$ cat target20.cif   # mmCIF, C-alpha atoms
data_run
loop_
_atom_site.label_atom_id
_atom_site.label_comp_id
_atom_site.auth_asym_id
_atom_site.auth_seq_id
_atom_site.Cartn_x
_atom_site.Cartn_y
_atom_site.Cartn_z
CA MET V 127 9.93 2.82 44.63
CA ARG V 128 7.19 5.22 43.87
CA LYS V 129 9.52 7.19 41.59
CA TYR V 130 10.29 3.99 39.76
CA TYR V 131 6.58 3.38 39.02
CA LEU V 132 6.13 6.98 38.01
CA VAL V 133 9.06 6.77 35.56
CA ILE V 134 7.70 3.52 34.10
CA PHE V 135 4.22 5.04 33.82
CA LEU V 136 5.57 8.17 32.11
CA PHE V 137 7.72 6.03 29.80
CA ILE V 138 4.70 3.88 28.81
CA LEU V 139 2.55 6.99 28.38
CA ALA V 140 5.21 8.57 26.15
CA LEU V 141 5.38 5.34 24.11
CA PHE V 142 1.59 5.39 23.57
CA VAL V 143 1.69 9.06 22.59
CA LEU V 144 4.52 8.42 20.13
CA LEU V 145 2.80 5.32 18.76
CA GLY V 146 -0.48 7.25 18.35
CA TRP V 147 1.29 10.13 16.61
CA TYR V 148 3.13 7.68 14.31
CA MET V 149 -0.09 5.83 13.41
CA TYR V 150 -1.89 9.13 12.79
CA SER V 151 0.98 10.31 10.54
CA VAL V 152 1.01 7.05 8.58
CA ARG V 153 -2.78 7.16 8.19
CA ALA V 154 -2.67 10.78 7.02
CA LEU V 155 0.13 10.01 4.56
CA THR V 156 -1.72 6.94 3.25
CA LEU V 157 -4.94 8.92 2.79
CA ASP V 158 -3.07 11.73 1.08
CA ASN V 159 -1.42 9.27 -1.32
CA TYR V 160 -4.77 7.59 -1.95
CA LYS V 161 -6.41 10.95 -2.74
CA LYS V 162 -3.59 11.88 -5.13
CA GLU V 163 -3.84 8.50 -6.86
CA ALA V 164 -7.65 8.72 -7.11
CA TYR V 165 -7.43 12.27 -8.49
CA ARG V 166 -4.89 11.13 -11.10
CA ASP V 167 -7.10 8.18 -12.07
CA ILE V 168 -10.15 10.42 -12.43
CA ASN V 169 -8.20 12.83 -14.64
CA VAL V 170 -6.95 10.00 -16.85
CA ILE V 171 -10.42 8.46 -17.17
CA SER V 172 -11.86 11.89 -17.97
CA PHE V 173 -9.22 12.36 -20.65
CA LEU V 174 -9.90 8.93 -22.15
CA VAL V 175 -13.67 9.46 -22.23
CA SER V 176 -13.22 12.93 -23.77
CA GLU V 177 -10.89 11.46 -26.35
CA ARG V 178 -13.38 8.71 -27.23
CA ILE V 179 -16.26 11.18 -27.51
CA SER V 180 -14.14 13.44 -29.70
CA GLU V 181 -13.42 10.49 -32.02
CA ILE V 182 -17.13 9.72 -32.29
CA PHE V 183 -17.96 13.36 -33.07
CA THR V 184 -15.28 13.31 -35.78
CA GLN V 185 -16.95 10.25 -37.35
CA LEU V 186 -20.37 11.91 -37.13
CA LYS V 187 -19.01 15.13 -38.67
CA TYR V 188 -17.61 13.18 -41.61
CA ALA V 189 -20.84 11.19 -42.05
CA ALA V 190 -22.95 14.38 -41.89
CA SER V 191 -20.99 15.82 -44.82
CA LEU V 192 -21.66 12.88 -47.16
CA PRO V 193 -24.28 13.43 -49.90
CA ASP V 194 -25.84 10.02 -49.20
CA ILE V 195 -26.43 11.02 -45.57
CA ILE V 196 -27.68 14.49 -46.53
CA ASP V 197 -30.17 13.07 -49.06
CA PHE V 198 -30.59 9.98 -46.91
CA ASN V 199 -30.88 7.19 -49.39
CA ASN V 200 -30.03 3.45 -49.22
CA ASN V 201 -26.31 4.25 -49.37
CA GLY V 202 -26.82 6.58 -46.40
CA ARG V 203 -28.38 3.70 -44.48
CA ARG V 204 -25.36 1.53 -45.27
CA ILE V 205 -23.02 4.28 -44.10
CA LEU V 206 -24.85 4.55 -40.78
CA ASN V 207 -24.83 0.77 -40.40
CA GLY V 208 -21.06 0.91 -40.92
CA LEU V 209 -20.70 3.48 -38.14
CA TYR V 210 -22.45 1.09 -35.79
CA ASN V 211 -20.31 -2.00 -36.40
CA PRO V 212 -16.82 -0.93 -35.30
CA ALA V 213 -17.83 -0.04 -31.76
CA ALA V 214 -20.90 -2.21 -31.26
CA SER V 215 -19.79 -3.10 -27.73
CA PHE V 216 -21.06 0.20 -26.30
CA PHE V 217 -23.00 1.68 -29.23
CA LYS V 218 -26.71 1.03 -28.81
CA ALA V 219 -27.77 2.62 -32.09
CA VAL V 220 -26.88 4.97 -34.93
CA SER V 221 -29.66 7.17 -36.23
CA ARG V 222 -30.69 9.82 -38.72
CA ILE V 223 -33.11 12.42 -37.44
CA SER V 224 -35.09 14.69 -39.75
CA SER V 225 -35.30 18.47 -39.40
CA ASP V 226 -38.78 18.07 -37.88
CA MET V 227 -37.31 15.78 -35.15
CA LYS V 228 -38.65 12.47 -36.45
CA LEU V 229 -36.52 9.35 -36.29
CA THR V 230 -35.93 8.78 -40.01
CA TYR V 231 -33.70 5.76 -39.53
CA THR V 232 -32.05 3.86 -36.70
CA PHE V 233 -29.92 0.74 -36.61
CA PRO V 234 -29.94 -2.02 -35.36
CA ASP V 235 -33.39 -1.72 -33.76
CA ILE V 236 -35.52 -0.37 -36.60
CA SER V 237 -38.79 -0.65 -34.64
CA ALA V 238 -38.48 2.97 -33.44
CA ILE V 239 -38.30 4.48 -36.97
CA GLY V 240 -40.89 7.21 -37.34
CA SER V 241 -40.89 8.10 -33.61
CA ASP V 242 -41.36 11.74 -32.70
CA LEU V 243 -38.25 12.93 -30.82
CA SER V 244 -39.40 16.52 -30.32
CA GLY V 245 -39.89 15.93 -26.59
CA GLN V 246 -36.18 15.25 -26.07
CA GLU V 247 -34.30 18.34 -24.93
CA HIS V 248 -31.13 17.64 -26.93
CA ASN V 249 -33.18 17.33 -30.15
CA GLN V 250 -34.89 20.64 -29.40
CA ILE V 251 -31.50 22.28 -28.86
CA ILE V 252 -29.82 20.94 -32.01
CA SER V 253 -32.92 21.78 -34.05
CA LYS V 254 -32.76 25.37 -32.78
CA ASP V 255 -28.98 25.97 -32.59
CA HIS V 256 -27.78 23.61 -35.36
CA LEU V 257 -24.64 22.75 -33.35
CA PRO V 258 -23.23 19.36 -32.27
CA ILE V 259 -24.55 18.26 -28.90
CA MET V 260 -24.08 15.56 -26.30
CA SER V 261 -27.12 14.74 -24.19
CA SER V 262 -27.40 13.95 -20.54
CA PRO V 263 -28.26 10.31 -19.81
CA PHE V 264 -31.89 9.54 -20.74
CA THR V 265 -34.14 6.65 -21.75
CA ALA V 266 -34.31 6.41 -25.55
CA VAL V 267 -37.54 5.68 -27.44
CA GLN V 268 -36.07 2.19 -27.95
CA GLY V 269 -36.32 1.73 -24.18
CA TYR V 270 -32.71 1.72 -22.97
CA ARG V 271 -30.63 4.23 -21.02
CA VAL V 272 -28.21 6.14 -23.24
CA VAL V 273 -26.19 9.25 -23.87
CA SER V 274 -26.61 10.58 -27.38
CA LEU V 275 -24.17 12.45 -29.56
CA HIS V 276 -25.80 14.43 -32.38
CA TYR V 277 -24.16 16.18 -35.31
CA PRO V 278 -26.17 18.52 -37.58
CA VAL V 279 -26.67 17.70 -41.27
CA PHE V 280 -26.87 20.53 -43.80
CA SER V 281 -27.59 20.79 -47.50
CA GLY V 282 -25.79 24.02 -48.23
CA LYS V 283 -27.08 26.27 -45.45
CA LYS V 284 -30.38 24.43 -45.00
CA TYR V 285 -30.65 22.35 -41.81
CA MET V 286 -31.66 18.78 -42.77
CA GLY V 287 -31.61 17.16 -39.32
CA ALA V 288 -28.88 15.24 -37.55
CA VAL V 289 -26.90 12.03 -37.41
CA ALA V 290 -26.71 10.53 -33.96
CA VAL V 291 -25.04 7.80 -31.98
CA LEU V 292 -26.65 6.38 -28.87
CA LEU V 293 -24.10 5.15 -26.35
CA ASP V 294 -25.09 2.56 -23.75
CA PHE V 295 -24.56 4.78 -20.74
CA ASP V 296 -23.85 1.96 -18.29
CA LYS V 297 -21.40 0.13 -20.57
CA PHE V 298 -19.64 3.26 -21.76
CA SER V 299 -19.25 4.74 -18.29
CA ARG V 300 -17.63 1.60 -16.89
CA SER V 301 -15.87 0.42 -20.03
CA GLU V 302 -13.08 -2.04 -19.32
CA GLU V 303 -11.20 -0.41 -22.20
CA HIS V 304 -10.94 2.75 -20.08
CA THR V 305 -9.56 0.69 -17.21
CA SER V 306 -6.95 -1.03 -19.35
CA GLU V 307 -6.02 2.26 -21.02
CA LEU V 308 -5.79 3.86 -17.58
CA GLN V 309 -3.31 1.21 -16.47
CA SER V 310 -1.14 1.80 -19.55
CA HIS V 311 -0.98 5.61 -19.16
CA SER V 312 1.36 7.30 -16.77
CA PHE V 313 0.72 10.99 -16.29
#
$ encode --input "target20.cif" --output "structure tokens"
Amino acid sequence: MRKYYLVIFLFILALFVLLGWYMYSVRALTLDNYKKEAYRDINVISFLVSERISEIFTQLKYAASLPDIIDFNNNGRRILNGLYNPAASFFKAVSRISSDMKLTYTFPDISAIGSDLSGQEHNQIISKDHLPIMSSPFTAVQGYRVVSLHYPVFSGKKYMGAVAVLLDFDKFSRSEEHTSELQSHSF
């Protein structure tokens, strides 16, 4: 009889070991699949954000080449206002910055015009290097948290300042458009 109990005990023990191994394997496989899926999603989102930023820089490059933006007259103001409208959902502002790092113009919140931007690292860099730049998140002089994209403006070879777009960091980073685009891409 004792052998009978021993066999039953060993059988039950083997069942628990097999069940534990099976559950561990399923858990490991599930985690591995989750990690692969998350990695894919991160890559797609990164691609979509890069693509969006590239499109914005292309618009800024074009705007920076226009005589009305270079000379910055009333037509230049209208051009900047037009840049703001198409993507107003995550654009906080479009701006023109002078070569001495003063906010020459900004739309839609014009209250910050004339502000000294020389304390902002990205303005110091573009003023020195004269190359397009994307800032780290910061609080703009208008009071909201943004990421700025700046493109240099030249008259011939003379640096005239920059055109800039301020992106609402919180809205842009969690844009539902990225989510819907993510769901439609299969990489």
$ resolve_selection --input "target20.cif" --expression "the PyMOL selection byres ((chain V and resi 223-228) around 10)" --output "number ranges by chain"
V: 198, 221-222, 229-232, 238-246, 249-250, 252-254, 256, 276-280, 284-290
$ write_last_selection --input "target20.cif" --atoms "C-alpha atoms" --output "compact mmCIF listing (two decimals), keeping the file's coordinate frame"
# COMPACT_ATOMS: atom_id res chain seq x y z
CA PHE V 198 -30.59 9.98 -46.91
CA SER V 221 -29.66 7.17 -36.23
CA ARG V 222 -30.69 9.82 -38.72
CA LEU V 229 -36.52 9.35 -36.29
CA THR V 230 -35.93 8.78 -40.01
CA TYR V 231 -33.70 5.76 -39.53
CA THR V 232 -32.05 3.86 -36.70
CA ALA V 238 -38.48 2.97 -33.44
CA ILE V 239 -38.30 4.48 -36.97
CA GLY V 240 -40.89 7.21 -37.34
CA SER V 241 -40.89 8.10 -33.61
CA ASP V 242 -41.36 11.74 -32.70
CA LEU V 243 -38.25 12.93 -30.82
CA SER V 244 -39.40 16.52 -30.32
CA GLY V 245 -39.89 15.93 -26.59
CA GLN V 246 -36.18 15.25 -26.07
CA ASN V 249 -33.18 17.33 -30.15
CA GLN V 250 -34.89 20.64 -29.40
CA ILE V 252 -29.82 20.94 -32.01
CA SER V 253 -32.92 21.78 -34.05
CA LYS V 254 -32.76 25.37 -32.78
CA HIS V 256 -27.78 23.61 -35.36
CA HIS V 276 -25.80 14.43 -32.38
CA TYR V 277 -24.16 16.18 -35.31
CA PRO V 278 -26.17 18.52 -37.58
CA VAL V 279 -26.67 17.70 -41.27
CA PHE V 280 -26.87 20.53 -43.80
CA LYS V 284 -30.38 24.43 -45.00
CA TYR V 285 -30.65 22.35 -41.81
CA MET V 286 -31.66 18.78 -42.77
CA GLY V 287 -31.61 17.16 -39.32
CA ALA V 288 -28.88 15.24 -37.55
CA VAL V 289 -26.90 12.03 -37.41
CA ALA V 290 -26.71 10.53 -33.96
$ atom_distance --input "target20.cif" --atom1 "atom CA of Ser237 of chain V" --atom2 "atom CA of Ser180 of chain V"
28.8 Å
$ atom_distance --input "target20.cif" --atom1 "atom CA of His248 of chain V" --atom2 "atom CA of Ala189 of chain V"
19.4 Å
$ axis_aligned_box --input "target20.cif" --around "segment 246-257 of chain V" --padding-each-side "8 Å" --output "JSON"
{"center_x": -30.4, "center_y": 20.6, "center_z": -30.1, "size_x": 27.5, "size_y": 26.7, "size_z": 26.4}
$ closest_residue --input "target20.cif" --among "V:Ile168, V:Ala140, V:Ile195, V:Ile179" --to "Phe217 of chain V" --atoms "all atoms listed in the file"
V:Ile179
$ residues_around --input "target20.cif" --residues "Phe233 of chain V" --least-positions-apart "3" --cutoff "7 Å" --atoms "all atoms listed in the file" --output "list of chain:residue names"
V:Asn207, V:Ala219, V:Val220, V:Ser221, V:Ile236
$ atom_distance --input "target20.cif" --atom1 "atom CA of Leu292 of chain V" --atom2 "atom CA of Thr184 of chain V"
15.0 Å
$ closest_residue --input "target20.cif" --among "V:Asp158, V:Glu163, V:Glu181, V:Asp235" --to "Lys218 of chain V" --atoms "all atoms listed in the file"
V:Asp235
$ closest_residue --input "target20.cif" --among "V:Leu209, V:Asn159, V:Tyr130, V:Leu275" --to "Pro263 of chain V" --atoms "all atoms listed in the file"
V:Leu275
$ closest_residue --input "target20.cif" --among "V:Ile138, V:Leu186, V:Leu132, V:Leu293" --to "Thr265 of chain V" --atoms "all atoms listed in the file"
V:Leu293
$ closest_residue --input "target20.cif" --among "V:Pro234, V:Thr156, V:Arg166, V:Val133" --to "Arg204 of chain V" --atoms "all atoms listed in the file"
V:Pro234
